[in-house]
>>> print(open('my_file24.cif').read())   # mmCIF, C-alpha atoms
data_final
#
loop_
_atom_site.group_PDB
_atom_site.id
_atom_site.type_symbol
_atom_site.label_atom_id
_atom_site.label_comp_id
_atom_site.auth_asym_id
_atom_site.auth_seq_id
_atom_site.Cartn_x
_atom_site.Cartn_y
_atom_site.Cartn_z
ATOM 1 C CA MET J 1 -38.135 24.833 58.325
ATOM 2 C CA SER J 2 -36.965 25.574 54.849
ATOM 3 C CA ALA J 3 -38.220 28.105 52.299
ATOM 4 C CA THR J 4 -40.119 26.658 49.342
ATOM 5 C CA THR J 5 -38.784 27.328 45.878
ATOM 6 C CA GLY J 6 -40.926 28.236 42.881
ATOM 7 C CA PRO J 7 -44.676 28.638 42.618
ATOM 8 C CA PRO J 8 -46.885 25.827 43.886
ATOM 9 C CA THR J 9 -47.965 23.450 41.167
ATOM 10 C CA PRO J 10 -51.736 23.423 40.596
ATOM 11 C CA PRO J 11 -53.528 20.217 41.475
ATOM 12 C CA PRO J 12 -54.242 17.936 38.502
ATOM 13 C CA LYS J 13 -57.576 18.652 36.855
ATOM 14 C CA ILE J 14 -60.153 15.965 37.528
ATOM 15 C CA PRO J 15 -62.429 15.384 34.543
ATOM 16 C CA SER J 16 -65.965 16.350 35.420
ATOM 17 C CA LYS J 17 -68.812 13.902 34.987
ATOM 18 C CA SER J 18 -71.310 16.732 34.574
ATOM 19 C CA TRP J 19 -72.664 16.923 31.007
ATOM 20 C CA THR J 20 -73.078 20.680 31.260
ATOM 21 C CA VAL J 21 -69.383 21.061 32.115
ATOM 22 C CA LYS J 22 -68.421 18.750 29.256
ATOM 23 C CA VAL J 23 -70.573 20.694 26.790
ATOM 24 C CA ARG J 24 -69.137 23.991 28.023
ATOM 25 C CA GLU J 25 -65.554 22.782 27.791
ATOM 26 C CA LYS J 26 -66.110 21.362 24.326
ATOM 27 C CA GLY J 27 -67.803 24.586 23.227
ATOM 28 C CA VAL J 28 -65.040 26.841 24.530
ATOM 29 C CA GLU J 29 -62.412 24.531 23.042
ATOM 30 C CA ALA J 30 -64.089 24.587 19.608
ATOM 31 C CA LEU J 31 -64.936 28.274 19.643
ATOM 32 C CA PRO J 32 -63.038 30.397 22.188
ATOM 33 C CA PRO J 33 -64.690 33.758 23.013
ATOM 34 C CA GLU J 34 -61.998 35.783 21.209
ATOM 35 C CA ARG J 35 -62.717 33.779 18.047
ATOM 36 C CA LEU J 36 -66.504 33.855 18.481
ATOM 37 C CA LEU J 37 -66.532 37.642 18.875
ATOM 38 C CA PRO J 38 -63.242 38.853 17.361
ATOM 39 C CA ASP J 39 -61.804 42.372 17.546
ATOM 40 C CA GLY J 40 -61.406 42.557 13.796
ATOM 41 C CA GLN J 41 -60.994 40.743 10.526
ATOM 42 C CA PRO J 42 -57.989 40.195 8.232
ATOM 43 C CA THR J 43 -57.128 42.994 5.818
ATOM 44 C CA TYR J 44 -58.339 41.073 2.794
ATOM 45 C CA VAL J 45 -61.903 41.119 4.175
ATOM 46 C CA ALA J 46 -62.027 44.865 3.380
ATOM 47 C CA SER J 47 -63.641 44.200 -0.002
ATOM 48 C CA TRP J 48 -67.194 44.634 -1.265
ATOM 49 C CA ILE J 49 -67.382 40.955 -2.185
ATOM 50 C CA TYR J 50 -67.241 40.074 1.527
ATOM 51 C CA VAL J 51 -70.249 42.295 2.279
ATOM 52 C CA PHE J 52 -72.994 40.121 0.822
ATOM 53 C CA GLY J 53 -73.005 37.455 3.526
ATOM 54 C CA VAL J 54 -73.811 39.948 6.236
ATOM 55 C CA ALA J 55 -76.233 41.695 3.847
ATOM 56 C CA SER J 56 -78.100 38.387 3.595
ATOM 57 C CA ILE J 57 -78.289 38.163 7.397
ATOM 58 C CA ALA J 58 -79.467 41.775 7.650
ATOM 59 C CA SER J 59 -82.222 41.025 5.129
ATOM 60 C CA LEU J 60 -83.163 37.874 7.046
ATOM 61 C CA ILE J 61 -83.608 39.917 10.232
ATOM 62 C CA VAL J 62 -85.967 42.303 8.410
ATOM 63 C CA ILE J 63 -87.841 39.332 6.905
ATOM 64 C CA ILE J 64 -88.396 37.761 10.324
ATOM 65 C CA ALA J 65 -89.339 41.046 12.026
ATOM 66 C CA SER J 66 -91.859 41.996 9.313
ATOM 67 C CA GLY J 67 -93.136 38.416 9.150
ATOM 68 C CA VAL J 68 -93.806 38.366 12.889
ATOM 69 C CA ILE J 69 -95.870 41.558 12.554
ATOM 70 C CA LEU J 70 -97.812 40.122 9.589
ATOM 71 C CA ALA J 71 -98.504 36.907 11.509
ATOM 72 C CA LEU J 72 -99.731 38.842 14.523
ATOM 73 C CA LYS J 73 -102.076 41.078 12.534
ATOM 74 C CA GLY J 74 -103.445 38.608 9.999
ATOM 75 C CA PRO J 75 -104.548 38.584 6.328
ATOM 76 C CA ALA J 76 -107.350 41.147 6.619
ATOM 77 C CA TRP J 77 -104.843 43.682 7.979
ATOM 78 C CA TRP J 78 -102.127 43.056 5.386
ATOM 79 C CA HIS J 79 -104.641 43.145 2.518
ATOM 80 C CA GLU J 80 -106.973 45.956 3.526
ATOM 81 C CA THR J 81 -105.040 48.607 5.460
ATOM 82 C CA GLY J 82 -102.343 51.015 4.357
ATOM 83 C CA VAL J 83 -99.957 50.036 7.155
ATOM 84 C CA GLY J 84 -100.668 46.379 6.390
ATOM 85 C CA HIS J 85 -99.767 46.937 2.741
ATOM 86 C CA PHE J 86 -96.582 48.656 3.870
ATOM 87 C CA PHE J 87 -95.458 45.741 6.044
ATOM 88 C CA ASN J 88 -96.526 43.273 3.371
ATOM 89 C CA SER J 89 -94.254 45.125 0.933
ATOM 90 C CA ILE J 90 -91.408 45.322 3.464
ATOM 91 C CA HIS J 91 -91.670 41.542 3.875
ATOM 92 C CA MET J 92 -91.696 40.857 0.138
ATOM 93 C CA TRP J 93 -88.860 43.250 -0.767
ATOM 94 C CA SER J 94 -86.653 42.047 2.096
ATOM 95 C CA VAL J 95 -87.045 38.541 0.672
ATOM 96 C CA GLU J 96 -85.981 39.889 -2.738
ATOM 97 C CA LEU J 97 -82.928 41.506 -1.154
ATOM 98 C CA PHE J 98 -82.184 38.347 0.834
ATOM 99 C CA PHE J 99 -82.009 36.212 -2.297
ATOM 100 C CA PHE J 100 -80.213 38.927 -4.266
ATOM 101 C CA ALA J 101 -77.479 39.204 -1.617
ATOM 102 C CA MET J 102 -77.346 35.451 -1.066
ATOM 103 C CA VAL J 103 -76.856 34.715 -4.780
ATOM 104 C CA VAL J 104 -74.037 37.291 -5.103
ATOM 105 C CA HIS J 105 -72.517 35.853 -1.892
ATOM 106 C CA LEU J 106 -72.778 32.357 -3.391
ATOM 107 C CA TRP J 107 -71.124 33.441 -6.661
ATOM 108 C CA GLY J 108 -68.325 35.189 -4.768
ATOM 109 C CA LYS J 109 -67.626 32.202 -2.553
ATOM 110 C CA TYR J 110 -67.809 29.788 -5.486
ATOM 111 C CA TRP J 111 -65.211 31.675 -7.524
ATOM 112 C CA MET J 112 -62.875 32.057 -4.539
ATOM 113 C CA ALA J 113 -63.304 28.326 -3.742
ATOM 114 C CA ALA J 114 -64.410 29.073 -0.209
ATOM 115 C CA TRP J 115 -64.258 25.401 0.754
ATOM 116 C CA ARG J 116 -60.440 25.598 0.864
ATOM 117 C CA GLY J 117 -58.500 25.073 4.091
ATOM 118 C CA GLY J 118 -60.922 22.707 5.778
ATOM 119 C CA ARG J 119 -63.944 24.935 5.175
ATOM 120 C CA GLY J 120 -66.040 22.276 3.470
ATOM 121 C CA ARG J 121 -68.750 22.373 6.131
ATOM 122 C CA VAL J 122 -68.988 26.164 5.832
ATOM 123 C CA TRP J 123 -69.654 25.831 2.107
ATOM 124 C CA VAL J 124 -72.117 22.960 2.526
ATOM 125 C CA THR J 125 -74.171 24.661 5.239
ATOM 126 C CA GLY J 126 -74.366 27.776 3.063
ATOM 127 C CA ALA J 127 -75.521 25.786 0.050
ATOM 128 C CA ILE J 128 -78.130 23.894 2.105
ATOM 129 C CA THR J 129 -79.363 27.190 3.561
ATOM 130 C CA PHE J 130 -79.971 28.442 0.027
ATOM 131 C CA LEU J 131 -81.849 25.259 -0.901
ATOM 132 C CA VAL J 132 -84.038 25.417 2.229
ATOM 133 C CA ALA J 133 -84.696 29.150 1.798
ATOM 134 C CA VAL J 134 -86.231 28.567 -1.652
ATOM 135 C CA PRO J 135 -89.289 26.554 -0.425
ATOM 136 C CA CYS J 136 -89.457 28.869 2.597
ATOM 137 C CA ALA J 137 -90.061 31.743 0.171
ATOM 138 C CA LEU J 138 -92.273 29.783 -2.226
ATOM 139 C CA THR J 139 -94.646 28.734 0.572
ATOM 140 C CA GLY J 140 -95.082 32.458 1.204
ATOM 141 C CA TYR J 141 -96.632 32.867 -2.246
ATOM 142 C CA VAL J 142 -99.354 30.370 -1.341
ATOM 143 C CA SER J 143 -99.877 31.876 2.134
ATOM 144 C CA GLN J 144 -101.033 35.276 0.912
ATOM 145 C CA GLN J 145 -104.777 34.533 1.189
ATOM 146 C CA ASN J 146 -105.729 36.039 -2.167
ATOM 147 C CA PHE J 147 -106.428 34.986 -5.762
ATOM 148 C CA ASP J 148 -102.719 35.130 -6.546
ATOM 149 C CA ALA J 149 -102.094 32.480 -3.881
ATOM 150 C CA GLN J 150 -104.941 30.324 -5.207
ATOM 151 C CA TRP J 151 -103.592 30.503 -8.760
ATOM 152 C CA ILE J 152 -100.017 29.697 -7.696
ATOM 153 C CA SER J 153 -101.059 26.826 -5.409
ATOM 154 C CA THR J 154 -103.210 25.130 -8.046
ATOM 155 C CA GLN J 155 -100.386 25.455 -10.580
ATOM 156 C CA ALA J 156 -97.649 24.365 -8.176
ATOM 157 C CA LYS J 157 -99.554 21.325 -6.918
ATOM 158 C CA ASP J 158 -99.139 19.817 -10.382
ATOM 159 C CA ALA J 159 -95.375 20.200 -10.055
ATOM 160 C CA MET J 160 -95.465 18.446 -6.684
ATOM 161 C CA ASN J 161 -97.672 15.660 -8.027
ATOM 162 C CA SER J 162 -95.458 15.182 -11.068
ATOM 163 C CA VAL J 163 -92.503 14.303 -8.841
ATOM 164 C CA GLY J 164 -94.592 12.149 -6.492
ATOM 165 C CA VAL J 165 -94.533 14.258 -3.331
ATOM 166 C CA GLY J 166 -98.046 15.699 -3.583
ATOM 167 C CA ALA J 167 -99.271 13.478 -0.750
ATOM 168 C CA PHE J 168 -96.741 15.046 1.598
ATOM 169 C CA PHE J 169 -96.780 18.643 0.361
ATOM 170 C CA ASN J 170 -100.316 19.651 -0.515
ATOM 171 C CA LEU J 171 -100.023 23.163 -1.867
ATOM 172 C CA THR J 172 -103.775 23.686 -1.759
ATOM 173 C CA ASN J 173 -103.746 23.023 2.009
ATOM 174 C CA PHE J 174 -103.366 26.521 3.415
ATOM 175 C CA GLY J 175 -102.788 25.340 6.987
ATOM 176 C CA GLN J 176 -99.928 23.083 5.968
ATOM 177 C CA MET J 177 -98.287 25.685 3.736
ATOM 178 C CA TYR J 178 -98.671 28.438 6.342
ATOM 179 C CA SER J 179 -97.094 26.205 9.003
ATOM 180 C CA TYR J 180 -94.193 25.489 6.674
ATOM 181 C CA HIS J 181 -93.838 29.181 5.835
ATOM 182 C CA ILE J 182 -93.954 30.770 9.279
ATOM 183 C CA LEU J 183 -92.615 27.979 11.508
ATOM 184 C CA LEU J 184 -90.867 24.888 10.157
ATOM 185 C CA LEU J 185 -88.814 26.311 7.286
ATOM 186 C CA PRO J 186 -87.870 29.602 9.032
ATOM 187 C CA ILE J 187 -86.596 27.583 12.011
ATOM 188 C CA ALA J 188 -84.531 25.488 9.598
ATOM 189 C CA VAL J 189 -83.159 28.578 7.818
ATOM 190 C CA VAL J 190 -82.250 30.365 11.062
ATOM 191 C CA ALA J 191 -80.647 27.207 12.490
ATOM 192 C CA LEU J 192 -78.604 26.667 9.313
ATOM 193 C CA VAL J 193 -77.537 30.319 9.164
ATOM 194 C CA SER J 194 -76.478 30.132 12.830
ATOM 195 C CA ILE J 195 -74.396 27.015 12.210
ATOM 196 C CA HIS J 196 -72.956 28.604 9.054
ATOM 197 C CA VAL J 197 -71.875 31.745 10.931
ATOM 198 C CA LEU J 198 -70.398 29.753 13.828
ATOM 199 C CA LEU J 199 -68.422 27.651 11.356
ATOM 200 C CA VAL J 200 -67.155 30.836 9.677
ATOM 201 C CA ARG J 201 -66.066 32.093 13.095
ATOM 202 C CA ARG J 202 -64.348 28.817 13.829
ATOM 203 C CA ASN J 203 -62.584 28.354 10.484
ATOM 204 C CA GLY J 204 -62.081 32.000 9.585
ATOM 205 C CA VAL J 205 -62.922 33.844 6.367
ATOM 206 C CA VAL J 206 -61.309 32.164 3.366
ATOM 207 C CA PRO J 207 -58.160 34.050 2.291
ATOM 208 C CA PRO J 208 -57.441 35.059 -1.322
ATOM 209 C CA PHE J 209 -55.585 32.516 -3.475
ATOM 210 C CA GLU J 210 -52.455 34.719 -3.610
ATOM 211 C CA LEU J 211 -52.200 34.920 0.169
ATOM 212 C CA GLU J 212 -52.721 31.214 0.572
ATOM 213 C CA GLU J 213 -49.900 30.556 -1.916
ATOM 214 C CA LYS J 214 -47.647 32.952 0.013
ATOM 215 C CA LEU J 215 -48.431 31.234 3.284
ATOM 216 C CA ALA J 216 -47.782 27.843 1.755
ATOM 217 C CA GLY J 217 -44.170 28.928 1.265
ATOM 218 C CA VAL J 218 -43.762 30.138 4.834
ATOM 219 C CA PRO J 219 -42.832 27.546 7.473
ATOM 220 C CA SER J 220 -45.698 27.094 9.892
ATOM 221 C CA ALA J 221 -43.526 28.114 12.853
ATOM 222 C CA SER J 222 -42.756 31.438 11.102
ATOM 223 C CA ARG J 223 -46.348 32.286 10.284
ATOM 224 C CA ASP J 224 -47.379 35.148 12.439
ATOM 225 C CA LEU J 225 -51.018 34.702 13.225
ATOM 226 C CA SER J 226 -51.022 36.257 16.643
ATOM 227 C CA GLY J 227 -51.148 39.965 15.978
ATOM 228 C CA SER J 228 -47.502 41.017 15.680
ATOM 229 C CA PRO J 229 -46.083 42.023 12.266
ATOM 230 C CA ASP J 230 -46.266 39.042 9.964
ATOM 231 C CA PRO J 231 -43.815 38.120 7.241
ATOM 232 C CA ASN J 232 -46.171 38.600 4.336
ATOM 233 C CA GLY J 233 -47.929 41.675 5.638
ATOM 234 C CA SER J 234 -51.424 40.628 4.706
ATOM 235 C CA LEU J 235 -53.023 39.040 7.688
ATOM 236 C CA HIS J 236 -53.661 41.960 9.944
ATOM 237 C CA THR J 237 -57.050 43.183 10.884
ATOM 238 C CA SER J 238 -58.689 45.979 9.035
ATOM 239 C CA THR J 239 -61.234 47.053 11.615
ATOM 240 C CA GLY J 240 -61.184 48.346 15.138
ATOM 241 C CA ALA J 241 -59.309 51.183 16.792
ATOM 242 C CA GLN J 242 -56.393 52.509 14.787
ATOM 243 C CA GLY J 243 -53.013 51.737 16.250
ATOM 244 C CA SER J 244 -54.159 49.146 18.744
ATOM 245 C CA PRO J 245 -52.683 45.703 18.459
ATOM 246 C CA ARG J 246 -55.329 43.146 17.648
ATOM 247 C CA ALA J 247 -55.293 39.469 17.073
ATOM 248 C CA SER J 248 -55.142 38.964 13.355
ATOM 249 C CA THR J 249 -56.886 35.650 13.375
ATOM 250 C CA GLY J 250 -59.826 36.387 15.607
ATOM 251 C CA GLY J 251 -62.179 35.669 12.780
ATOM 252 C CA GLY J 252 -59.638 35.138 10.123
ATOM 253 C CA VAL J 253 -57.200 32.453 9.177
ATOM 254 C CA PRO J 254 -56.930 29.850 11.887
ATOM 255 C CA PRO J 255 -53.450 28.607 12.732
ATOM 256 C CA ALA J 256 -54.367 25.093 11.794
ATOM 257 C CA SER J 257 -55.619 25.872 8.338
ATOM 258 C CA ALA J 258 -53.897 29.068 7.250
ATOM 259 C CA GLY J 259 -52.098 28.512 4.039
ATOM 260 C CA GLU J 260 -53.055 24.916 3.701
ATOM 261 C CA GLN J 261 -54.275 23.698 0.383
ATOM 262 C CA SER J 262 -57.383 21.640 0.642
ATOM 263 C CA MET N 1 -106.153 52.898 -1.707
ATOM 264 C CA SER N 2 -107.534 52.846 -5.211
ATOM 265 C CA VAL N 3 -106.158 56.370 -5.645
ATOM 266 C CA MET N 4 -102.655 54.942 -5.320
ATOM 267 C CA GLY N 5 -102.513 52.852 -8.445
ATOM 268 C CA ALA N 6 -99.436 50.909 -9.466
ATOM 269 C CA VAL N 7 -96.618 52.988 -10.930
ATOM 270 C CA PHE N 8 -96.466 50.563 -13.823
ATOM 271 C CA ASN N 9 -99.506 49.229 -15.650
ATOM 272 C CA LEU N 10 -99.617 45.563 -14.685
ATOM 273 C CA THR N 11 -102.926 44.658 -16.318
ATOM 274 C CA HIS N 12 -101.397 42.714 -19.162
ATOM 275 C CA PRO N 13 -99.734 39.314 -19.614
ATOM 276 C CA ALA N 14 -96.126 39.174 -18.447
ATOM 277 C CA HIS N 15 -93.435 40.002 -20.988
ATOM 278 C CA THR N 16 -91.079 37.085 -21.426
ATOM 279 C CA VAL N 17 -87.704 36.296 -22.956
ATOM 280 C CA ASP N 18 -87.756 33.087 -24.972
ATOM 281 C CA TRP N 19 -84.631 31.425 -26.304
ATOM 282 C CA ASN N 20 -84.805 27.737 -27.115
ATOM 283 C CA PHE N 21 -85.955 26.018 -23.902
ATOM 284 C CA ILE N 22 -85.203 29.128 -21.805
ATOM 285 C CA HIS N 23 -88.375 30.950 -20.811
ATOM 286 C CA LEU N 24 -87.905 33.845 -18.413
ATOM 287 C CA SER N 25 -90.011 36.810 -17.447
ATOM 288 C CA VAL N 26 -88.435 40.169 -18.222
ATOM 289 C CA ALA N 27 -88.577 41.013 -14.505
ATOM 290 C CA ASN N 28 -86.450 37.984 -13.669
ATOM 291 C CA VAL N 29 -84.008 38.753 -16.476
ATOM 292 C CA VAL N 30 -83.606 42.285 -15.076
ATOM 293 C CA VAL N 31 -82.933 40.917 -11.574
ATOM 294 C CA ILE N 32 -80.364 38.402 -12.888
ATOM 295 C CA GLY N 33 -78.685 41.189 -14.885
ATOM 296 C CA LEU N 34 -78.564 43.413 -11.785
ATOM 297 C CA MET N 35 -77.009 40.590 -9.768
ATOM 298 C CA LEU N 36 -74.288 40.166 -12.386
ATOM 299 C CA VAL N 37 -73.610 43.923 -12.454
ATOM 300 C CA VAL N 38 -73.428 44.098 -8.647
ATOM 301 C CA PHE N 39 -71.145 41.042 -8.577
ATOM 302 C CA VAL N 40 -68.687 42.622 -11.030
ATOM 303 C CA LEU N 41 -68.809 45.992 -9.225
ATOM 304 C CA ALA N 42 -68.184 44.272 -5.876
ATOM 305 C CA ILE N 43 -64.975 42.816 -7.287
ATOM 306 C CA LEU N 44 -63.781 45.951 -9.069
ATOM 307 C CA LEU N 45 -64.751 48.797 -6.741
ATOM 308 C CA PRO N 46 -62.331 49.591 -3.891
ATOM 309 C CA PHE N 47 -63.712 49.241 -0.379
ATOM 310 C CA PRO N 48 -63.869 52.614 1.451
ATOM 311 C CA GLY N 49 -60.857 53.100 3.684
ATOM 312 C CA ALA N 50 -59.179 49.811 2.754
ATOM 313 C CA ALA N 51 -56.243 51.447 0.956
ATOM 314 C CA ALA N 52 -55.685 53.951 3.773
ATOM 315 C CA ARG N 53 -55.714 51.191 6.383
ATOM 316 C CA ASP N 54 -53.344 49.094 4.326
ATOM 317 C CA ALA N 55 -50.963 52.026 3.856
ATOM 318 C CA ALA N 56 -51.080 52.841 7.572
ATOM 319 C CA ARG N 57 -50.396 49.224 8.441
ATOM 320 C CA ARG N 58 -47.438 49.018 6.068
ATOM 321 C CA ALA N 59 -46.011 52.338 7.311
ATOM 322 C CA GLY N 60 -46.445 51.524 10.997
ATOM 323 C CA GLY N 61 -45.822 47.820 10.834
ATOM 324 C CA GLY N 62 -48.944 47.391 12.909
ATOM 325 C CA SER N 63 -52.591 47.867 12.281
#
>>> encode(input="my_file24.cif", output="structure tokens")
Amino acid sequence: MSATTGPPTPPPKIPSKSWTVKVREKGVEALPPERLLPDGQPTYVASWIYVFGVASIASLIVIIASGVILALKGPAWWHETGVGHFFNSIHMWSVELFFFAMVVHLWGKYWMAAWRGGRGRVWVTGAITFLVAVPCALTGYVSQQNFDAQWISTQAKDAMNSVGVGAFFNLTNFGQMYSYHILLLPIAVVALVSIHVLLVRRNGVVPPFELEEKLAGVPSASRDLSGSPDPNGSLHTSTGAQGSPRASTGGGVPPASAGEQS
Amino acid sequence: MSVMGAVFNLTHPAHTVDWNFIHLSVANVVVIGLMLVVFVLAILLPFPGAAARDAARRAGGGS
């Protein structure tokens, strides 16, 4: 009888054949919970130019909520009642705000070259979202069920025919346009926005050029991306409880890409 | 609802801005101008609390 020394070694992990386990493990590996829902963001995110992405999402939520109500109540309600007019206006103005915020967001990200540091897919999904959102909004014009919709559809069909896609997108076919407007294209927009946000969470918000240049001069082993004081003093979170230590890269610069030039 | 007429009289053809091949409604020009103004302001205006947080972080060496 002899006393054992040291803690027992855990048994080797046997790879699971279950697809649900594989998907879960891949998901957690790609996007750990603390990165998916971080405590805070890097200091440089405390700028108005970083507000317009979330403003676009806020507008999209209002668009979908008001659109669901309009779809439930129908054209007679949104054309002939006061409350219907109100929700019709909420829907239209939230779309205006959505595109307003999305365009400013796009300009901001373009001029800060937001595809740096391995963020190419973040940029591309954002750009595709914008391109898909345009027909999603335009099909709304021809789904109004009024003379305005008739005028727009008969004008726009010529544009479709001129580029040879009139057989696939018949703007005078209300059923087709309404399906595109309230089902197919909104699903595409929401799916793209979801992927875009998850990619932002995974890759972190793009840092300013100055910070990236600073980090490029710091050896990777010396880069503090874990929450303790960092050598350049710019990577700490700007939100959350004052005085509490927080991971500086929860949604910010990932260790793999911080400071790297693309 | 006829009592609540539009704030602006809309019973006229749209006003447009024409410059060479560029043909824009005044409403769209106003929106584009507003977007540019908001974009510049978003870059120039300080974010509320950002300076205080930064100063606190530098003083405390933490957050």
>>> interface_residues(input="my_file24.cif", of="chain N", to="chain J", cutoff="12 Å", atoms="all atoms listed in the file", output="PyMOL selection string")
chain N and resi 1-4+28+30-63
>>> atom_distance(input="my_file24.cif", atom1="atom CA of J:Leu36", atom2="atom CA of J:Ile64")
23.7 Å
>>> resolve_selection(input="my_file24.cif", expression="the PyMOL selection byres ((chain J and resi 136) around 9)", output="MDAnalysis selection string")
chainID J and resid 132:135 137:140 180:182 184:186 189
>>> write_last_selection(input="my_file24.cif", atoms="C-alpha atoms", output="PDB file, in the coordinates of the input")
ATOM      1  CA  VAL J 132     -84.038  25.417   2.229  1.00  0.00           C
ATOM      2  CA  ALA J 133     -84.696  29.150   1.798  1.00  0.00           C
ATOM      3  CA  VAL J 134     -86.231  28.567  -1.652  1.00  0.00           C
ATOM      4  CA  PRO J 135     -89.289  26.554  -0.425  1.00  0.00           C
ATOM      5  CA  ALA J 137     -90.061  31.743   0.171  1.00  0.00           C
ATOM      6  CA  LEU J 138     -92.273  29.783  -2.226  1.00  0.00           C
ATOM      7  CA  THR J 139     -94.646  28.734   0.572  1.00  0.00           C
ATOM      8  CA  GLY J 140     -95.082  32.458   1.204  1.00  0.00           C
ATOM      9  CA  TYR J 180     -94.193  25.489   6.674  1.00  0.00           C
ATOM     10  CA  HIS J 181     -93.838  29.181   5.835  1.00  0.00           C
ATOM     11  CA  ILE J 182     -93.954  30.770   9.279  1.00  0.00           C
ATOM     12  CA  LEU J 184     -90.867  24.888  10.157  1.00  0.00           C
ATOM     13  CA  LEU J 185     -88.814  26.311   7.286  1.00  0.00           C
ATOM     14  CA  PRO J 186     -87.870  29.602   9.032  1.00  0.00           C
ATOM     15  CA  VAL J 189     -83.159  28.578   7.818  1.00  0.00           C
TER      16      VAL J 189
END
>>> atom_distance(input="my_file24.cif", atom1="atom CA of J:Gln41", atom2="atom CA of J:Thr125")
21.5 Å
>>> residues_near_point(input="my_file24.cif", point="(-104.1, 41.5, 2.6)", cutoff="12 Å", atoms="all atoms listed in the file", output="number ranges by chain")
J: 70-71, 73-89, 143-149
